[in-house]
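*Asks:* What follows is a structure written as structure tokens; I'll ask about it next.
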Amino acid sequence: MSDEHKQDQNKDESLYKAYMMKTKNDIHTSPSLSEEEQREIIRVGSNTARNATVMISLAILLLMLPIMTLITYLYYGIGGKANTMIDVVGKAIYVTEPNVSLEEMEIESEIGLFSMNVTFDTFKRIGSEDYLAEKVDVYFGLEKPKFPDKISFLEQLPPMGYGIDVVKDSQKMYHPDAMISFNTIEAEDVLNNLPDGTVAEAYLSFSELMKPNEIEKALPKEMEVRWLAVDTGLEAKQLDKEGVPITPIGYPAQVDTTTWSPFDGDQTNEEVFLDILKLLEKNEQTAEIVSQIKSLEIQDRRKYVEDKGILIYGAVVTGPVPELRKLEQVKEVRAINVGEVKLWNWK
Amino acid sequence: MELEIKKKSKRKLQTLTGFISFIIGLLALAVLNIGLLIETMDIPDLFLFHLPFLGVFLGVVGLFTKNRSKQFAWWGIGINLFIPIFIGLMFGLSWTINAKP
């Protein structure tokens with residue numbers, strides 16, 4: 001049995017050896033590729049791999065710009081982020097800049113990579129016509145705005161700087177309890193020396209707080225009330241809690257019939273004003289930067305207005321200069337400050 | 001040997017469709033990039049729809065290749081599908097942002 005087994009093993013071994021010999025032989029004798037050909041194969045292989053890498057890298061590079069653009073659009077589009085920002089920008093102007101309006105239809109937005117530029121023109125009504133006041137360009141990096149670039153077309157430039165004195169002295173309307181920082185007689189002199197054939201805007205400070213509907217009755221007929229400055233509890237001191245100077249907030253006095261204006265008459269202007277304050281409260285930082293106001297303190301001011309109701313301490317009116325002179329005799333008006341002046345256009 | 005040569009030529013033809021699809025995708029992407037950089041929407045439809053459509057078709061043909069990498073075909077299909085989807089999304093999103101009648 002064991003002999004037989006041994007024989008089998010020997011047979012297997014010799015078979016195996018023969019097979020191995022044959023294989024070794026085959027390797028040496030089979031028609032194999034020459035070294036040159038082998039090199040060629042490696043060269044072609046590495047070239048193909050390199051070309052594929054280059055091509056795919058190129059594709060990835062070319063995909064970067066479209067994908068980043070798409071991400072930006074998705075960022076601004078989803079949830080209406082861009083629309084909210086545009087809304088805040090427009091409405092902040094209405095309530096922080098006296099007698100300034102804008103054309104909602106003409107607000108342009110341009111979306112770049114991870115940024116958006118909102119551009120629009122603002123207008124001032126002087127006499128019976130709207131004059132281009134400023135061209136404004138607000139840059140948003142994602143949702144963070146920068147101070148707007150403004151080109152002003154007005155004769156009276158906004159105050160330079162944000163210091164307490166600068167802001168205080170550049171005020172044109174004063175709360176009955178606040179001290180007027182300009183010389184009221186000089187200001188009236190401006191009005192007296194303007195020719196009769198001109199129209200002007202005038203900033204009025206009232207001697208007491210008034211309800212919005214009382215104002216037109218108190219003033220001469222031949223003029224238009226444009227903007228009402230609302231008492232929000234901080235105007236007497238003109239400073240917020242931290243001592244930062246504040247500027248007036250208010251709302252347009254007239255219904256604006258231009259398309260998409262928030263003050264289009266669907267709701268009363270007072271209601272719209274309160275709605276805007278709520279919107280700005282949610283986006284206070286944006287509103288502060290866009291309106292270039294250091295402190296809006298909107299939450300406290302909105303609460304004050306909602307508690308006490310809308311009471312007016314100042315107004316912007318526009319009309320013919322001879323008519324504006326009559327304001328000096330109105331007992332409710334304690335100070336007049338003349339703003340922009342234009343040649344006669346009163347209708 | 002003969003068989004191998006035959007196989008080789010067959011392979012070459014098959015990869016070609018995937019590769020062409022990829023090249024078409026690259027071309028259309030390049031034009032799209034130019035359009036985005038010069039901020040125009042007037043990119044010819046040829047580059048936005050017709051060529052990518054052809055590219056997808058060729059890419060799909062390329063996918064039926066045997067014994068060969070289908071890398072370029074997949075990339076070709078991906079890029080060529082991306083372009084019309086990109087345009088569609090951009091139009092949709094542009095309408096939601098600051099839309100005016």
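To be explicit about the labels: the chains of the structure tokens are called A, B, and onward in the order shown, and within each one the residues are counted from 1, while ligands get numbers from 1 in the order they are shown.
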Give me, as a ChimeraX atom specification, all polymer residues having an atom no more than 7 Å from Pro52 in chain B, counting only C-alpha atoms and skipping those fewer than 2 positions away in the same chain.
*Replies:* /B:24-25,47-50,54-56,80-81
*Asks:* Store the residues picked out above in a file with N, CA and C atoms, as a tab-separated table (two decimals), in the first residue's frame.
*Replies:*
```
chain	number	residue	atom	x	y	z
B	24	ILE	N	-17.44	67.49	-26.15
B	24	ILE	CA	-18.59	68.38	-26.38
B	24	ILE	C	-18.98	69.06	-25.07
B	25	GLY	N	-18.99	68.26	-24.00
B	25	GLY	CA	-19.32	68.81	-22.69
B	25	GLY	C	-18.35	69.92	-22.30
B	47	PHE	N	-25.01	75.83	-27.84
B	47	PHE	CA	-24.10	75.40	-26.79
B	47	PHE	C	-24.82	74.98	-25.51
B	48	LEU	N	-26.01	75.51	-25.34
B	48	LEU	CA	-26.70	75.23	-24.08
B	48	LEU	C	-27.60	74.01	-24.17
B	49	PHE	N	-28.14	73.74	-25.36
B	49	PHE	CA	-29.10	72.64	-25.45
B	49	PHE	C	-28.74	71.62	-26.52
B	50	HIS	N	-28.44	72.10	-27.74
B	50	HIS	CA	-28.26	71.15	-28.84
B	50	HIS	C	-27.01	70.30	-28.64
B	54	LEU	N	-26.67	66.19	-27.81
B	54	LEU	CA	-25.84	65.27	-28.61
B	54	LEU	C	-24.82	64.58	-27.72
B	55	GLY	N	-24.26	65.36	-26.79
B	55	GLY	CA	-23.25	64.83	-25.88
B	55	GLY	C	-23.81	63.71	-25.01
B	56	VAL	N	-25.01	63.91	-24.49
B	56	VAL	CA	-25.63	62.88	-23.65
B	56	VAL	C	-25.85	61.63	-24.48
B	80	ASN	N	-22.83	67.11	-19.71
B	80	ASN	CA	-23.86	67.51	-20.67
B	80	ASN	C	-25.24	67.58	-20.05
B	81	LEU	N	-25.47	66.81	-18.99
B	81	LEU	CA	-26.74	66.95	-18.28
B	81	LEU	C	-26.71	68.18	-17.38
```
*Asks:* Define the interface residues of chain B facing chain A as those within 12 Å, counting only C-alpha atoms, and report them as number ranges by chain.
*Replies:* B: 1, 19, 22-39, 69-76, 78-80, 82-101
*Asks:* Please compute the CA of Thr232 in chain A-CA of Thr122 in chain A distance, one decimal, in Å.
*Replies:*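 It comes out at 25.1 Å.
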*Asks:* DSSP on the backbone: which residues in range 49-248 of chain A end up as alpha helix (DSSP H)? Give the answer as a ChimeraX atom specification.
*Replies:* /A:49-77,81-96,164-169,184-193,212-218
*Asks:* Please provide as a VMD selection string all residues within 7 Å of Lys124 in chain A, with the sequence filter that same-chain residues fewer than 3 positions apart are discarded (counting only C-alpha atoms).
*Replies:* chain A and resid 99 to 101 130 to 133
*Asks:* Would you work out the distance separating CA of Asp196 in chain A from CA of Glu340 in chain A, expressed in Å to one decimal?
*Replies:* 14.8 Å
*Asks:* Enter the distance from CA of Leu280 in chain A to CA of Lys91 in chain A, in Å, rounded to one decimal.
*Replies:*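 Pair CA of Leu280 in chain A / CA of Lys91 in chain A returns 8.1 Å.
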*Asks:* Find the residues around Leu58 in chain B up to 7 Å (only C-alpha atoms counted), leave out those fewer than 4 positions away in its own chain, and share them as an MDAnalysis selection string.
*Replies:* chainID B and resid 17:18 21 54 62
*Asks:* As number ranges by chain, please: all residues of range 87-161 of chain A that backbone DSSP puts in strand (DSSP E or B).
*Replies:* A: 100-102, 108-111, 115-126, 129-141, 144-145, 149-152
*Asks:* If you count only C-alpha atoms, which residues fall within 10 Å of Phe273 in chain A, apart from same-chain ones fewer than 3 positions away, as a list in words?
*Replies:*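 The filter keeps Lys91, Tyr94, Val95, Ile249, Gly250, Tyr251, Pro252, Pro262, Phe263, Gln267, Thr268, Asn269, Glu270, Ile276, Leu277, Lys278, Leu279, Arg302 and Ile310 of chain A.
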*Asks:* Kindly export the residues of the current selection with C-alpha atoms, as a PDB file, in the first residue's frame.
*Replies:*
```
ATOM      1  CA  LYS A  91     -38.232 100.439   3.304  1.00  0.00           C
ATOM      2  CA  TYR A  94     -38.667 105.463   3.435  1.00  0.00           C
ATOM      3  CA  VAL A  95     -38.637 105.614   7.225  1.00  0.00           C
ATOM      4  CA  ILE A 249     -37.669 108.031  11.882  1.00  0.00           C
ATOM      5  CA  GLY A 250     -40.987 108.692  10.311  1.00  0.00           C
ATOM      6  CA  TYR A 251     -43.082 107.990   7.281  1.00  0.00           C
ATOM      7  CA  PRO A 252     -44.392 109.669   4.134  1.00  0.00           C
ATOM      8  CA  PRO A 262     -45.460 100.233   0.323  1.00  0.00           C
ATOM      9  CA  PHE A 263     -47.491 103.397   0.937  1.00  0.00           C
ATOM     10  CA  GLN A 267     -53.451 100.318   4.329  1.00  0.00           C
ATOM     11  CA  THR A 268     -53.120 103.684   6.018  1.00  0.00           C
ATOM     12  CA  ASN A 269     -49.588 105.056   6.009  1.00  0.00           C
ATOM     13  CA  GLU A 270     -49.497 104.698   9.796  1.00  0.00           C
ATOM     14  CA  ILE A 276     -42.000  98.503   8.304  1.00  0.00           C
ATOM     15  CA  LEU A 277     -40.675  98.996  11.830  1.00  0.00           C
ATOM     16  CA  LYS A 278     -41.403  95.319  12.514  1.00  0.00           C
ATOM     17  CA  LEU A 279     -39.565  94.313   9.368  1.00  0.00           C
ATOM     18  CA  ARG A 302     -41.362 100.450  17.914  1.00  0.00           C
ATOM     19  CA  ILE A 310     -48.113 107.832  16.541  1.00  0.00           C
TER      20      ILE A 310
END
```
